[in-house]
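Visitor: Submitted below is the structure of interest, expressed as structure tokens.
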2 protein chains.
Amino acid sequence: MKRVTVKDLAKHLLLSTSTVSRALLNDKNIHWETKKKVLQAAKELGYRRNSAAASLKYGRSKNIGFVVPEMVTPFSSKVLRGIQEILYPLGYRVIITECDEDPLRERENLLLLEEFNVDGIIINLCDESKNHDVYQQLLDRGIPLVFFDRMPNDSLNVSKVLVDNFLYASAVTEHLVSKGRKRIAHIMGPPSLRNSQDRAKGYKEVMDKHGISDPALIIEAKGLGFEDGKNAVKTLMEKQIEFDAIFAFTDTLAIGAMNYLLEQGVKIPQEVSVASFSGTELSTMVYPQLSSVEPPLVQMGEEAARLMLEKIKNFDVACREILLDAELKIRSSSSF
Amino acid sequence: MKRVTVKDLAKHLLLSTSTVSRALLNDKNIHWETKKKVLQAAKELGYRRNSAAASLKYGRSKNIGFVVPEMVTPFSSKVLRGIQEILYPLGYRVIITECDEDPLRERENLLLLEEFNVDGIIINLCDESKNHDVYQQLLDRGIPLVFFDRMPNDSLNVSKVLVDNFLYASAVTEHLVSKGRKRIAHIMGPPSLRNSQDRAKGYKEVMDKHGISDPALIIEAKGLGFEDGKNAVKTLMEKQIEFDAIFAFTDTLAIGAMNYLLEQGVKIPQEVSVASFSGTELSTMVYPQLSSVEPPLVQMGEEAARLMLEKIKNFDVACREILLDAELKIRSSSSF
DNA sequence: CAAAATTTTGGGAGCGTTCCCAGCGCGATA
DNA sequence: TATCGCGCTGGGAACGCTCCCAAAATTTTG
């Protein structure tokens, strides 16, 4: 019933706790035979280290916090994969918290993670201008932060992993234009995210360049859900704004939009082409498959994890910003 | 830079650590004014409790482990929501681990969680016959387990939350039959899951009842991914097995199947109806929207969390098995 | 006003690890 | 033989917190 402790092992083997501990920690100052015996006994008695005690003593917990807006979409899950890929083998654990796009909840989660003694936090924030005091507080306490995908709006002493939103948004728009589309609507994300603004900027520049801009074509989604995408298109149609293509902030929005269009009997891509940004598996699961800019999510996680390890090793190492290449995947929703 | 501890607070306020601790823990044996002062100072100095130390002393960690095959699909995410809904307000944290449908990884995760001192583990297993020794070991150590959705094949002293697979599988099949379908194919899940078998049984019974059974119509998916669904249908078509409906083990499989059919120019639902089990948001995101048996996932999580709390309070309380009602959502993929 | 009851505070052990410091045995060197 | 170095082991403090026990301060009772 009770947990087996180092002390129990020591008593059982007639050794001191120090020696047992040394064996368990793979210390070199121990006879190989003793070590073998200890490991053997540990296995037999089912010893499991009490990481609370270890982390108390050691000062570090080997826990990394992961703070994301949501885990319902595969986006964060993929990033998490990458993170675990790197951190798992090194004995780190990842504690995941969702904030449901609510800055207040994000705040709570961050504080919880601090209490939890995490060695660092990898975060995709939900509002670029909120919670800066907490970020700073964590940094002041020596807890490194690594941001991915979405960035805080002013300069914090943190490392970052991101893709060039402007660049790829331009590319998507350019692609739609190249297919002969002129009335390209943009379902924009919340303005509290730089990503939204940057993607909108990329879109706008290309539209301007071709002289086909029209403010009426830009519609701001109320949120980031499937329904929000639906509603956005619905609004466009109700306002009788003509369009022959849609570029959506995320694939979830795009898919919502597509769904509404198909319900209305609109043909995709013949009548309306659709494309999005930050595509995930979802893009390939819908029909027609959705064209999208796909950031290398797993790699994003890996890089974030590596940056974190750097920071854990030495908190004062210079911050780095890693810009990843994304891929514009052209699928049936925009090619005909 | 350094963390503020109880001792620091005590020194600062000229009080004893006991008193400070009492204030922080909302103990009744303390003057309200002192308490106020302590809380005030704690806030000012930015005190955060060291949960490692607390859990070491207290013996409990207020951590619950969550072990699932994957988090890429919204299935587990929804359940997690329910769990957090209940546990969050009570000061519990949830540690999430994915095993990627790999029993070995599940094993590692379980052991990791034990080391982590979790007060209990809520689990959706990935192979009903593996890892029983670990389950038992955890139970022996007084760590309660609560299973949801997928169950271990023999009797462990655990609580469970599930839906009636047989019943609802029958219902789906019956629904397809009622639409005049006679060649209903079943994309079955891995036989290492009772769910697969039960759903297949439900399907089979209805098919038998109507005298339209044909073993050729049952195809076992290689895995549980989108591609596996595609491949299953591909195989069926390559084998020239005629079918006018598909009942798939999960929505991911169904969506893969739909995708392949649509690619082949098959009309859904006119030529082939599609329906699935354990549907999530995904079912409504595809076009045509997918008919599916939808278990109340959030509620499933809530019930699991409640069962867990019961067990944490008293490990020896009788185990309970909660059977939830699901809902057969008929959508366009099977109605015309 | 003393004694008892009650409220409020302080001292300090102990949770399970890790790790520094010291000690032991033993062979090599002087 | 005395000294040193080396490999290994044991003792015990410390991490930050909680909680038992006892002491002090305060109020109530006879």
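If you're wondering about the labels, chains in the structure tokens are A, B, ... by order shown, residues count from 1 in each chain, ligands from 1 in order shown.
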For stretch 156-161 of chain B, work out the shell of residues within 6 Å, counting only C-alpha atoms (C1' of nucleotides) and skipping chain neighbours fewer than 2 positions away, then give it as a PyMOL selection string.
Guide: chain B and resi 145-148+319-322
Visitor: Please, could you write that set of residues out with all heavy atoms as a PDB file, in the first residue's frame?
Guide:
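Generated output (again39.pdb):
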```
ATOM      1  N   LEU B 145      -7.936   4.773  -9.931  1.00  0.00           N
ATOM      2  CA  LEU B 145      -8.033   4.912 -11.382  1.00  0.00           C
ATOM      3  C   LEU B 145      -9.500   5.038 -11.771  1.00  0.00           C
ATOM      4  O   LEU B 145     -10.352   4.342 -11.225  1.00  0.00           O
ATOM      5  CB  LEU B 145      -7.461   3.675 -12.084  1.00  0.00           C
ATOM      6  CG  LEU B 145      -6.011   3.295 -11.834  1.00  0.00           C
ATOM      7  CD1 LEU B 145      -5.663   2.051 -12.657  1.00  0.00           C
ATOM      8  CD2 LEU B 145      -5.093   4.436 -12.204  1.00  0.00           C
ATOM      9  N   VAL B 146      -9.764   5.906 -12.702  1.00  0.00           N
ATOM     10  CA  VAL B 146     -11.106   5.988 -13.267  1.00  0.00           C
ATOM     11  C   VAL B 146     -10.971   5.881 -14.778  1.00  0.00           C
ATOM     12  O   VAL B 146     -10.218   6.639 -15.386  1.00  0.00           O
ATOM     13  CB  VAL B 146     -11.800   7.311 -12.891  1.00  0.00           C
ATOM     14  CG1 VAL B 146     -13.119   7.449 -13.632  1.00  0.00           C
ATOM     15  CG2 VAL B 146     -12.029   7.394 -11.390  1.00  0.00           C
ATOM     16  N   PHE B 147     -11.682   4.941 -15.348  1.00  0.00           N
ATOM     17  CA  PHE B 147     -11.630   4.742 -16.793  1.00  0.00           C
ATOM     18  C   PHE B 147     -12.814   5.422 -17.475  1.00  0.00           C
ATOM     19  O   PHE B 147     -13.915   5.432 -16.934  1.00  0.00           O
ATOM     20  CB  PHE B 147     -11.660   3.253 -17.134  1.00  0.00           C
ATOM     21  CG  PHE B 147     -10.361   2.551 -16.863  1.00  0.00           C
ATOM     22  CD1 PHE B 147     -10.049   2.116 -15.581  1.00  0.00           C
ATOM     23  CD2 PHE B 147      -9.447   2.338 -17.872  1.00  0.00           C
ATOM     24  CE1 PHE B 147      -8.852   1.477 -15.323  1.00  0.00           C
ATOM     25  CE2 PHE B 147      -8.241   1.695 -17.625  1.00  0.00           C
ATOM     26  CZ  PHE B 147      -7.944   1.261 -16.343  1.00  0.00           C
ATOM     27  N   PHE B 148     -12.556   5.968 -18.642  1.00  0.00           N
ATOM     28  CA  PHE B 148     -13.692   6.443 -19.435  1.00  0.00           C
ATOM     29  C   PHE B 148     -13.568   5.949 -20.860  1.00  0.00           C
ATOM     30  O   PHE B 148     -12.478   5.690 -21.347  1.00  0.00           O
ATOM     31  CB  PHE B 148     -13.831   7.968 -19.376  1.00  0.00           C
ATOM     32  CG  PHE B 148     -12.752   8.720 -20.102  1.00  0.00           C
ATOM     33  CD1 PHE B 148     -12.938   9.121 -21.412  1.00  0.00           C
ATOM     34  CD2 PHE B 148     -11.573   9.037 -19.459  1.00  0.00           C
ATOM     35  CE1 PHE B 148     -11.941   9.823 -22.082  1.00  0.00           C
ATOM     36  CE2 PHE B 148     -10.573   9.732 -20.124  1.00  0.00           C
ATOM     37  CZ  PHE B 148     -10.755  10.130 -21.442  1.00  0.00           C
ATOM     38  N   CYS B 319     -16.742   0.866  -6.015  1.00  0.00           N
ATOM     39  CA  CYS B 319     -16.567   1.394  -7.352  1.00  0.00           C
ATOM     40  C   CYS B 319     -17.917   1.546  -8.029  1.00  0.00           C
ATOM     41  O   CYS B 319     -18.842   0.793  -7.774  1.00  0.00           O
ATOM     42  CB  CYS B 319     -15.713   0.447  -8.173  1.00  0.00           C
ATOM     43  SG  CYS B 319     -14.015   0.489  -7.668  1.00  0.00           S
ATOM     44  N   ARG B 320     -17.973   2.532  -8.895  1.00  0.00           N
ATOM     45  CA  ARG B 320     -19.231   2.730  -9.605  1.00  0.00           C
ATOM     46  C   ARG B 320     -18.998   2.740 -11.103  1.00  0.00           C
ATOM     47  O   ARG B 320     -17.919   3.048 -11.575  1.00  0.00           O
ATOM     48  CB  ARG B 320     -19.877   4.036  -9.164  1.00  0.00           C
ATOM     49  CG  ARG B 320     -20.312   4.003  -7.711  1.00  0.00           C
ATOM     50  CD  ARG B 320     -21.399   5.003  -7.439  1.00  0.00           C
ATOM     51  NE  ARG B 320     -20.928   6.372  -7.548  1.00  0.00           N
ATOM     52  CZ  ARG B 320     -21.677   7.359  -8.043  1.00  0.00           C
ATOM     53  NH1 ARG B 320     -22.891   7.109  -8.494  1.00  0.00           N
ATOM     54  NH2 ARG B 320     -21.195   8.586  -8.093  1.00  0.00           N
ATOM     55  N   GLU B 321     -20.039   2.395 -11.795  1.00  0.00           N
ATOM     56  CA  GLU B 321     -19.948   2.377 -13.240  1.00  0.00           C
ATOM     57  C   GLU B 321     -21.088   3.244 -13.750  1.00  0.00           C
ATOM     58  O   GLU B 321     -22.251   2.952 -13.488  1.00  0.00           O
ATOM     59  CB  GLU B 321     -20.105   0.941 -13.713  1.00  0.00           C
ATOM     60  CG  GLU B 321     -19.790   0.753 -15.163  1.00  0.00           C
ATOM     61  CD  GLU B 321     -19.778  -0.725 -15.542  1.00  0.00           C
ATOM     62  OE1 GLU B 321     -19.141  -1.528 -14.830  1.00  0.00           O
ATOM     63  OE2 GLU B 321     -20.443  -1.058 -16.540  1.00  0.00           O
ATOM     64  N   ILE B 322     -20.724   4.306 -14.412  1.00  0.00           N
ATOM     65  CA  ILE B 322     -21.767   5.218 -14.881  1.00  0.00           C
ATOM     66  C   ILE B 322     -21.981   5.044 -16.370  1.00  0.00           C
ATOM     67  O   ILE B 322     -21.048   5.170 -17.167  1.00  0.00           O
ATOM     68  CB  ILE B 322     -21.396   6.669 -14.555  1.00  0.00           C
ATOM     69  CG1 ILE B 322     -21.401   6.841 -13.027  1.00  0.00           C
ATOM     70  CG2 ILE B 322     -22.362   7.643 -15.196  1.00  0.00           C
ATOM     71  CD1 ILE B 322     -21.192   8.246 -12.563  1.00  0.00           C
TER      72      ILE B 322
END
```
Visitor: Within 12 Å of A:Glu281, counting only C-alpha atoms (C1' of nucleotides), which residues show up once you throw out same-chain ones fewer than 4 positions away? Write them as a tab-separated table (two decimals) with N, CA, C and O atoms, in the first residue's frame, please.
Guide:
```tsv
chain	number	residue	atom	x	y	z
A	73	THR	N	-8.36	22.11	-31.37
A	73	THR	CA	-7.80	22.09	-32.71
A	73	THR	C	-6.45	21.38	-32.65
A	73	THR	O	-5.77	21.43	-31.62
A	74	PRO	N	-6.05	20.71	-33.72
A	74	PRO	CA	-4.77	20.00	-33.65
A	74	PRO	C	-3.55	20.92	-33.57
A	74	PRO	O	-2.45	20.44	-33.39
A	75	PHE	N	-3.76	22.20	-33.72
A	75	PHE	CA	-2.63	23.12	-33.77
A	75	PHE	C	-1.68	22.94	-32.59
A	75	PHE	O	-0.52	22.56	-32.74
A	76	SER	N	-2.19	23.21	-31.41
A	76	SER	CA	-1.35	23.10	-30.22
A	76	SER	C	-0.88	21.67	-29.98
A	76	SER	O	0.23	21.46	-29.49
A	77	SER	N	-1.73	20.73	-30.33
A	77	SER	CA	-1.36	19.33	-30.12
A	77	SER	C	-0.10	18.98	-30.90
A	77	SER	O	0.77	18.27	-30.41
A	78	LYS	N	-0.04	19.49	-32.12
A	78	LYS	CA	1.12	19.19	-32.94
A	78	LYS	C	2.38	19.82	-32.33
A	78	LYS	O	3.44	19.19	-32.27
A	251	ASP	N	-7.68	27.98	-40.21
A	251	ASP	CA	-8.42	26.95	-40.93
A	251	ASP	C	-9.80	26.71	-40.31
A	251	ASP	O	-10.74	26.42	-41.02
A	252	THR	N	-9.90	26.87	-39.01
A	252	THR	CA	-11.20	26.68	-38.38
A	252	THR	C	-12.22	27.68	-38.93
A	252	THR	O	-13.34	27.32	-39.28
A	255	ILE	N	-13.01	26.73	-42.52
A	255	ILE	CA	-13.88	25.56	-42.63
A	255	ILE	C	-15.32	25.93	-42.30
A	255	ILE	O	-16.26	25.48	-42.95
A	285	MET	N	-9.00	17.21	-43.97
A	285	MET	CA	-10.12	16.35	-43.61
A	285	MET	C	-11.43	16.82	-44.21
A	285	MET	O	-12.41	16.09	-44.23
A	286	VAL	N	-11.46	18.06	-44.65
A	286	VAL	CA	-12.71	18.56	-45.22
A	286	VAL	C	-12.71	18.31	-46.72
A	286	VAL	O	-11.68	18.01	-47.32
A	289	GLN	N	-10.62	19.65	-50.01
A	289	GLN	CA	-9.53	19.93	-49.09
A	289	GLN	C	-9.11	21.39	-49.21
A	289	GLN	O	-9.14	21.98	-50.28
A	290	LEU	N	-8.74	21.92	-48.07
A	290	LEU	CA	-8.52	23.35	-47.94
A	290	LEU	C	-7.07	23.77	-48.18
A	290	LEU	O	-6.15	23.24	-47.56
A	291	SER	N	-6.91	24.73	-49.05
A	291	SER	CA	-5.57	25.31	-49.26
A	291	SER	C	-5.20	26.11	-48.02
A	291	SER	O	-6.04	26.80	-47.45
A	292	SER	N	-3.94	26.01	-47.63
A	292	SER	CA	-3.58	26.69	-46.39
A	292	SER	C	-2.08	26.87	-46.25
A	292	SER	O	-1.30	26.11	-46.82
A	293	VAL	N	-1.71	27.88	-45.53
A	293	VAL	CA	-0.31	28.04	-45.16
A	293	VAL	C	-0.08	27.16	-43.95
A	293	VAL	O	-0.71	27.34	-42.92
A	294	GLU	N	0.80	26.19	-44.09
A	294	GLU	CA	1.02	25.28	-42.97
A	294	GLU	C	2.38	25.54	-42.33
A	294	GLU	O	3.41	25.22	-42.88
A	295	PRO	N	2.35	26.05	-41.12
A	295	PRO	CA	3.61	26.21	-40.39
A	295	PRO	C	4.06	24.81	-39.97
A	295	PRO	O	3.23	23.94	-39.77
A	296	PRO	N	5.36	24.60	-39.85
A	296	PRO	CA	5.85	23.29	-39.42
A	296	PRO	C	5.66	23.16	-37.92
A	296	PRO	O	6.56	23.46	-37.14
A	297	LEU	N	4.49	22.70	-37.54
A	297	LEU	CA	4.11	22.77	-36.13
A	297	LEU	C	4.99	21.93	-35.21
A	297	LEU	O	5.40	22.38	-34.14
A	329	LYS	N	0.28	25.22	-48.96
A	329	LYS	CA	-0.24	23.99	-49.57
A	329	LYS	C	-1.46	24.34	-50.39
A	329	LYS	O	-2.48	24.76	-49.84
B	72	VAL	N	-5.21	14.97	-30.53
B	72	VAL	CA	-5.31	15.67	-31.80
B	72	VAL	C	-6.78	15.81	-32.20
B	72	VAL	O	-7.19	16.80	-32.78
B	73	THR	N	-7.53	14.83	-31.85
B	73	THR	CA	-8.97	14.84	-32.07
B	73	THR	C	-9.62	15.56	-30.89
B	73	THR	O	-9.11	15.51	-29.79
B	225	GLY	N	-6.60	6.54	-37.55
B	225	GLY	CA	-6.40	7.85	-38.17
B	225	GLY	C	-7.26	8.07	-39.40
B	225	GLY	O	-7.92	7.16	-39.90
B	226	PHE	N	-7.22	9.29	-39.86
B	226	PHE	CA	-7.93	9.74	-41.04
B	226	PHE	C	-7.56	8.86	-42.25
B	226	PHE	O	-8.43	8.37	-42.98
B	227	GLU	N	-6.26	8.64	-42.41
B	227	GLU	CA	-5.79	7.85	-43.55
B	227	GLU	C	-6.29	6.41	-43.50
B	227	GLU	O	-6.53	5.78	-44.53
B	252	THR	N	-13.26	10.02	-37.12
B	252	THR	CA	-12.05	10.23	-37.91
B	252	THR	C	-11.99	9.23	-39.06
B	252	THR	O	-11.69	9.60	-40.21
B	255	ILE	N	-14.63	10.17	-41.61
B	255	ILE	CA	-14.28	11.34	-42.41
B	255	ILE	C	-13.25	10.97	-43.47
B	255	ILE	O	-13.31	11.42	-44.61
B	256	GLY	N	-12.31	10.13	-43.09
B	256	GLY	CA	-11.35	9.64	-44.07
B	256	GLY	C	-12.08	8.92	-45.19
B	256	GLY	O	-11.80	9.13	-46.38
B	282	LEU	N	-15.75	17.55	-35.18
B	282	LEU	CA	-15.33	17.24	-36.54
B	282	LEU	C	-16.50	16.85	-37.41
B	282	LEU	O	-16.56	17.20	-38.59
```
Visitor: Dump as a tab-separated table (two decimals) with C-alpha atoms (C1' of nucleotides), in the first residue's frame the residues of chain C that approach chain A to within 10 Å, counting only C-alpha atoms (C1' of nucleotides).
Guide:
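Full text of selection32.tsv as output:
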```tsv
chain	number	residue	atom	x	y	z
C	15	DC	C1'	7.70	14.58	4.67
C	16	DG	C1'	11.68	12.03	0.84
C	17	DT	C1'	15.44	13.59	-1.54
C	18	DT	C1'	20.08	15.15	-2.47
C	19	DC	C1'	24.67	16.30	-1.39
```
Visitor: With a distance cut-off of 7 Å and only C-alpha atoms (C1' of nucleotides), select the neighbouring residues of B:Ile187, excluding the residue or stretch itself and same-chain residues fewer than 5 positions from it, and output the selection as number ranges by chain.
Guide: B: 218-221, 232, 247-249
Visitor: With C-alpha atoms kept, could you save the residues just selected as a PDB file, in the first residue's frame?
Guide:
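Result went into selection_4.pdb, see below:
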```pdb
ATOM      1  CA  ILE B 218     -16.777  -5.771 -42.410  1.00  0.00           C
ATOM      2  CA  ILE B 219     -13.335  -4.327 -42.752  1.00  0.00           C
ATOM      3  CA  GLU B 220     -10.870  -3.753 -40.007  1.00  0.00           C
ATOM      4  CA  ALA B 221      -9.098  -0.411 -40.002  1.00  0.00           C
ATOM      5  CA  ALA B 232     -10.397   0.990 -45.575  1.00  0.00           C
ATOM      6  CA  PHE B 247     -20.832   2.739 -40.459  1.00  0.00           C
ATOM      7  CA  ALA B 248     -17.414   3.623 -39.100  1.00  0.00           C
ATOM      8  CA  PHE B 249     -15.948   3.003 -35.663  1.00  0.00           C
TER       9      PHE B 249
END
```
Visitor: Set the distance at 6 Å and use only C-alpha atoms (C1' of nucleotides): which residues neighbour stretch 192-209 of chain A once local chain neighbours fewer than 3 positions away are removed? I'd like the list as a list in words.
Guide: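 Residues meeting the cut-off are Asp127, Glu128, Asn165, Phe166, Ala169, Ser170, Thr173, Gly189, Ile212 and Ser213 of chain A.
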Visitor: Could you save the residues just selected, with C-alpha atoms, as an mmCIF file, in the first residue's frame?
Guide:
```cif
data_model
loop_
_atom_site.group_PDB
_atom_site.id
_atom_site.type_symbol
_atom_site.label_atom_id
_atom_site.label_comp_id
_atom_site.auth_asym_id
_atom_site.auth_seq_id
_atom_site.Cartn_x
_atom_site.Cartn_y
_atom_site.Cartn_z
ATOM 1 C CA ASP A 127 -4.035 38.526 -26.146
ATOM 2 C CA GLU A 128 -0.847 40.270 -27.054
ATOM 3 C CA ASN A 165 2.744 36.189 -41.141
ATOM 4 C CA PHE A 166 2.999 39.068 -43.540
ATOM 5 C CA ALA A 169 -0.451 36.041 -46.092
ATOM 6 C CA SER A 170 0.795 37.884 -49.156
ATOM 7 C CA THR A 173 -3.495 36.329 -51.549
ATOM 8 C CA GLY A 189 -8.813 37.423 -36.688
ATOM 9 C CA ILE A 212 -8.546 45.440 -56.213
ATOM 10 C CA SER A 213 -8.772 46.524 -52.592
#
```
Visitor: Please identify the strand (DSSP E) residues within stretch 210-304 of chain A (assignment by DSSP from backbone atoms) and present them as a PyMOL selection string.
Guide: chain A and resi 218-220+245-248+273-276+291-294
Visitor: Give me a file of those residues, with C-alpha atoms, as a JSON list (two decimals), in the first residue's frame.
Guide:
```json
[["chain", "number", "residue", "atom", "x", "y", "z"],
["A", 218, "ILE", "CA", -12.56, 42.66, -44.86],
["A", 219, "ILE", "CA", -14.66, 41.24, -42.09],
["A", 220, "GLU", "CA", -13.58, 40.69, -38.56],
["A", 245, "ALA", "CA", -12.62, 34.01, -52.89],
["A", 246, "ILE", "CA", -12.03, 33.92, -49.16],
["A", 247, "PHE", "CA", -8.81, 34.13, -47.25],
["A", 248, "ALA", "CA", -9.42, 33.25, -43.62],
["A", 273, "SER", "CA", -12.14, 29.76, -53.73],
["A", 274, "VAL", "CA", -11.11, 29.37, -50.13],
["A", 275, "ALA", "CA", -7.71, 29.47, -48.47],
["A", 276, "SER", "CA", -6.49, 29.93, -44.93],
["A", 291, "SER", "CA", -5.57, 25.31, -49.26],
["A", 292, "SER", "CA", -3.58, 26.69, -46.39],
["A", 293, "VAL", "CA", -0.31, 28.04, -45.16],
["A", 294, "GLU", "CA", 1.02, 25.28, -42.97]]
```
Visitor: Within 9 Å of A:Asp154, counting only C-alpha atoms (C1' of nucleotides), which residues show up once you throw out same-chain ones fewer than 3 positions away? Write them as a list in words, please.
Guide: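 Close residues of A:Asp154: Glu128, Ser129, His132 and Met151 of chain A.
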Visitor: Pull out every residue of chain A sitting within 7 Å of chain D, counting only C-alpha atoms (C1' of nucleotides), and send them as a list in words.
Guide: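 Here they are: Ser16, Thr19, Asn29, Ile30, His31, Leu56 and Lys57 of chain A.
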Visitor: Go ahead and save the picked residues with all heavy atoms, as a PDB file, in the first residue's frame.
Guide:
```
ATOM      1  N   SER A  16      23.160   2.714   3.515  1.00  0.00           N
ATOM      2  CA  SER A  16      22.713   4.037   3.921  1.00  0.00           C
ATOM      3  C   SER A  16      21.888   4.655   2.796  1.00  0.00           C
ATOM      4  O   SER A  16      21.997   4.253   1.637  1.00  0.00           O
ATOM      5  CB  SER A  16      23.905   4.934   4.201  1.00  0.00           C
ATOM      6  OG  SER A  16      24.525   5.275   2.994  1.00  0.00           O
ATOM      7  N   THR A  19      23.991   6.000  -0.101  1.00  0.00           N
ATOM      8  CA  THR A  19      24.452   5.040  -1.104  1.00  0.00           C
ATOM      9  C   THR A  19      23.328   4.684  -2.071  1.00  0.00           C
ATOM     10  O   THR A  19      23.513   4.636  -3.281  1.00  0.00           O
ATOM     11  CB  THR A  19      24.968   3.773  -0.404  1.00  0.00           C
ATOM     12  OG1 THR A  19      25.925   4.158   0.571  1.00  0.00           O
ATOM     13  CG2 THR A  19      25.603   2.841  -1.389  1.00  0.00           C
ATOM     14  N   ASN A  29      30.537   7.655  -7.838  1.00  0.00           N
ATOM     15  CA  ASN A  29      31.186   7.251  -6.600  1.00  0.00           C
ATOM     16  C   ASN A  29      30.481   6.078  -5.924  1.00  0.00           C
ATOM     17  O   ASN A  29      30.044   6.175  -4.781  1.00  0.00           O
ATOM     18  CB  ASN A  29      31.245   8.420  -5.623  1.00  0.00           C
ATOM     19  CG  ASN A  29      32.112   9.525  -6.151  1.00  0.00           C
ATOM     20  OD1 ASN A  29      33.194   9.265  -6.676  1.00  0.00           O
ATOM     21  ND2 ASN A  29      31.620  10.747  -6.041  1.00  0.00           N
ATOM     22  N   ILE A  30      30.375   5.016  -6.645  1.00  0.00           N
ATOM     23  CA  ILE A  30      29.713   3.860  -6.059  1.00  0.00           C
ATOM     24  C   ILE A  30      30.187   2.601  -6.774  1.00  0.00           C
ATOM     25  O   ILE A  30      30.443   2.606  -7.981  1.00  0.00           O
ATOM     26  CB  ILE A  30      28.168   3.997  -6.159  1.00  0.00           C
ATOM     27  CG1 ILE A  30      27.498   2.895  -5.348  1.00  0.00           C
ATOM     28  CG2 ILE A  30      27.713   3.971  -7.595  1.00  0.00           C
ATOM     29  CD1 ILE A  30      25.999   3.042  -5.276  1.00  0.00           C
ATOM     30  N   HIS A  31      30.328   1.558  -6.013  1.00  0.00           N
ATOM     31  CA  HIS A  31      30.763   0.297  -6.583  1.00  0.00           C
ATOM     32  C   HIS A  31      29.683  -0.244  -7.499  1.00  0.00           C
ATOM     33  O   HIS A  31      28.507  -0.191  -7.182  1.00  0.00           O
ATOM     34  CB  HIS A  31      31.047  -0.696  -5.448  1.00  0.00           C
ATOM     35  CG  HIS A  31      31.858  -1.874  -5.896  1.00  0.00           C
ATOM     36  ND1 HIS A  31      33.238  -1.829  -5.915  1.00  0.00           N
ATOM     37  CD2 HIS A  31      31.503  -3.081  -6.347  1.00  0.00           C
ATOM     38  CE1 HIS A  31      33.684  -2.994  -6.357  1.00  0.00           C
ATOM     39  NE2 HIS A  31      32.653  -3.770  -6.624  1.00  0.00           N
ATOM     40  N   LEU A  56      11.919  19.573  -4.450  1.00  0.00           N
ATOM     41  CA  LEU A  56      12.084  20.459  -3.295  1.00  0.00           C
ATOM     42  C   LEU A  56      13.566  20.625  -2.979  1.00  0.00           C
ATOM     43  O   LEU A  56      14.081  21.730  -2.819  1.00  0.00           O
ATOM     44  CB  LEU A  56      11.371  19.871  -2.075  1.00  0.00           C
ATOM     45  CG  LEU A  56      11.570  20.628  -0.776  1.00  0.00           C
ATOM     46  CD1 LEU A  56      11.069  22.053  -0.910  1.00  0.00           C
ATOM     47  CD2 LEU A  56      10.844  19.932   0.363  1.00  0.00           C
ATOM     48  N   LYS A  57      14.227  19.488  -2.933  1.00  0.00           N
ATOM     49  CA  LYS A  57      15.649  19.505  -2.596  1.00  0.00           C
ATOM     50  C   LYS A  57      16.484  20.159  -3.693  1.00  0.00           C
ATOM     51  O   LYS A  57      17.335  21.004  -3.443  1.00  0.00           O
ATOM     52  CB  LYS A  57      16.107  18.059  -2.388  1.00  0.00           C
ATOM     53  CG  LYS A  57      17.592  17.886  -2.207  1.00  0.00           C
ATOM     54  CD  LYS A  57      18.068  18.540  -0.925  1.00  0.00           C
ATOM     55  CE  LYS A  57      19.560  18.731  -0.958  1.00  0.00           C
ATOM     56  NZ  LYS A  57      20.071  19.436   0.196  1.00  0.00           N
TER      57      LYS A  57
END
```
Visitor: Can you list, as a PyMOL selection string, every residue of stretch 11-188 of chain A that DSSP puts in alpha helix (DSSP H)?
Guide: chain A and resi 11-13+17-24+32-45+51-58+74-87+103-115+132-140+165-178
Visitor: Excluding B:Gly265 and any residue of its chain fewer than 6 positions from it, enumerate the residues within 12 Å of it, using only C-alpha atoms (C1' of nucleotides), and give them as a CSV table (one decimal) with C-alpha atoms, in the first residue's frame.
Guide:
```
chain,number,residue,atom,x,y,z
A,287,TYR,CA,-14.0,18.3,-48.7
A,288,PRO,CA,-12.9,19.9,-50.8
B,258,MET,CA,-16.0,10.2,-46.9
B,259,ASN,CA,-13.0,12.0,-48.2
B,271,GLU,CA,-25.1,6.8,-53.4
B,272,VAL,CA,-23.4,6.0,-50.1
```
Visitor: Do you have the atom CA of A:Glu70-atom CA of B:Asp102 distance handy?
Guide: 24.3 Å
Visitor: One decimal, Å: what's the distance from atom CA of B:Phe243 over to atom CA of B:Leu261, could you say?
Guide: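 Here the two named atoms are 11.6 Å from each other.
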Visitor: Between atom CA of B:Lys267 and atom CA of B:Val172, what is the distance, to one decimal in Å?
Guide: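 According to the coordinates, atom CA of B:Lys267 and atom CA of B:Val172 are separated by 20.0 Å.
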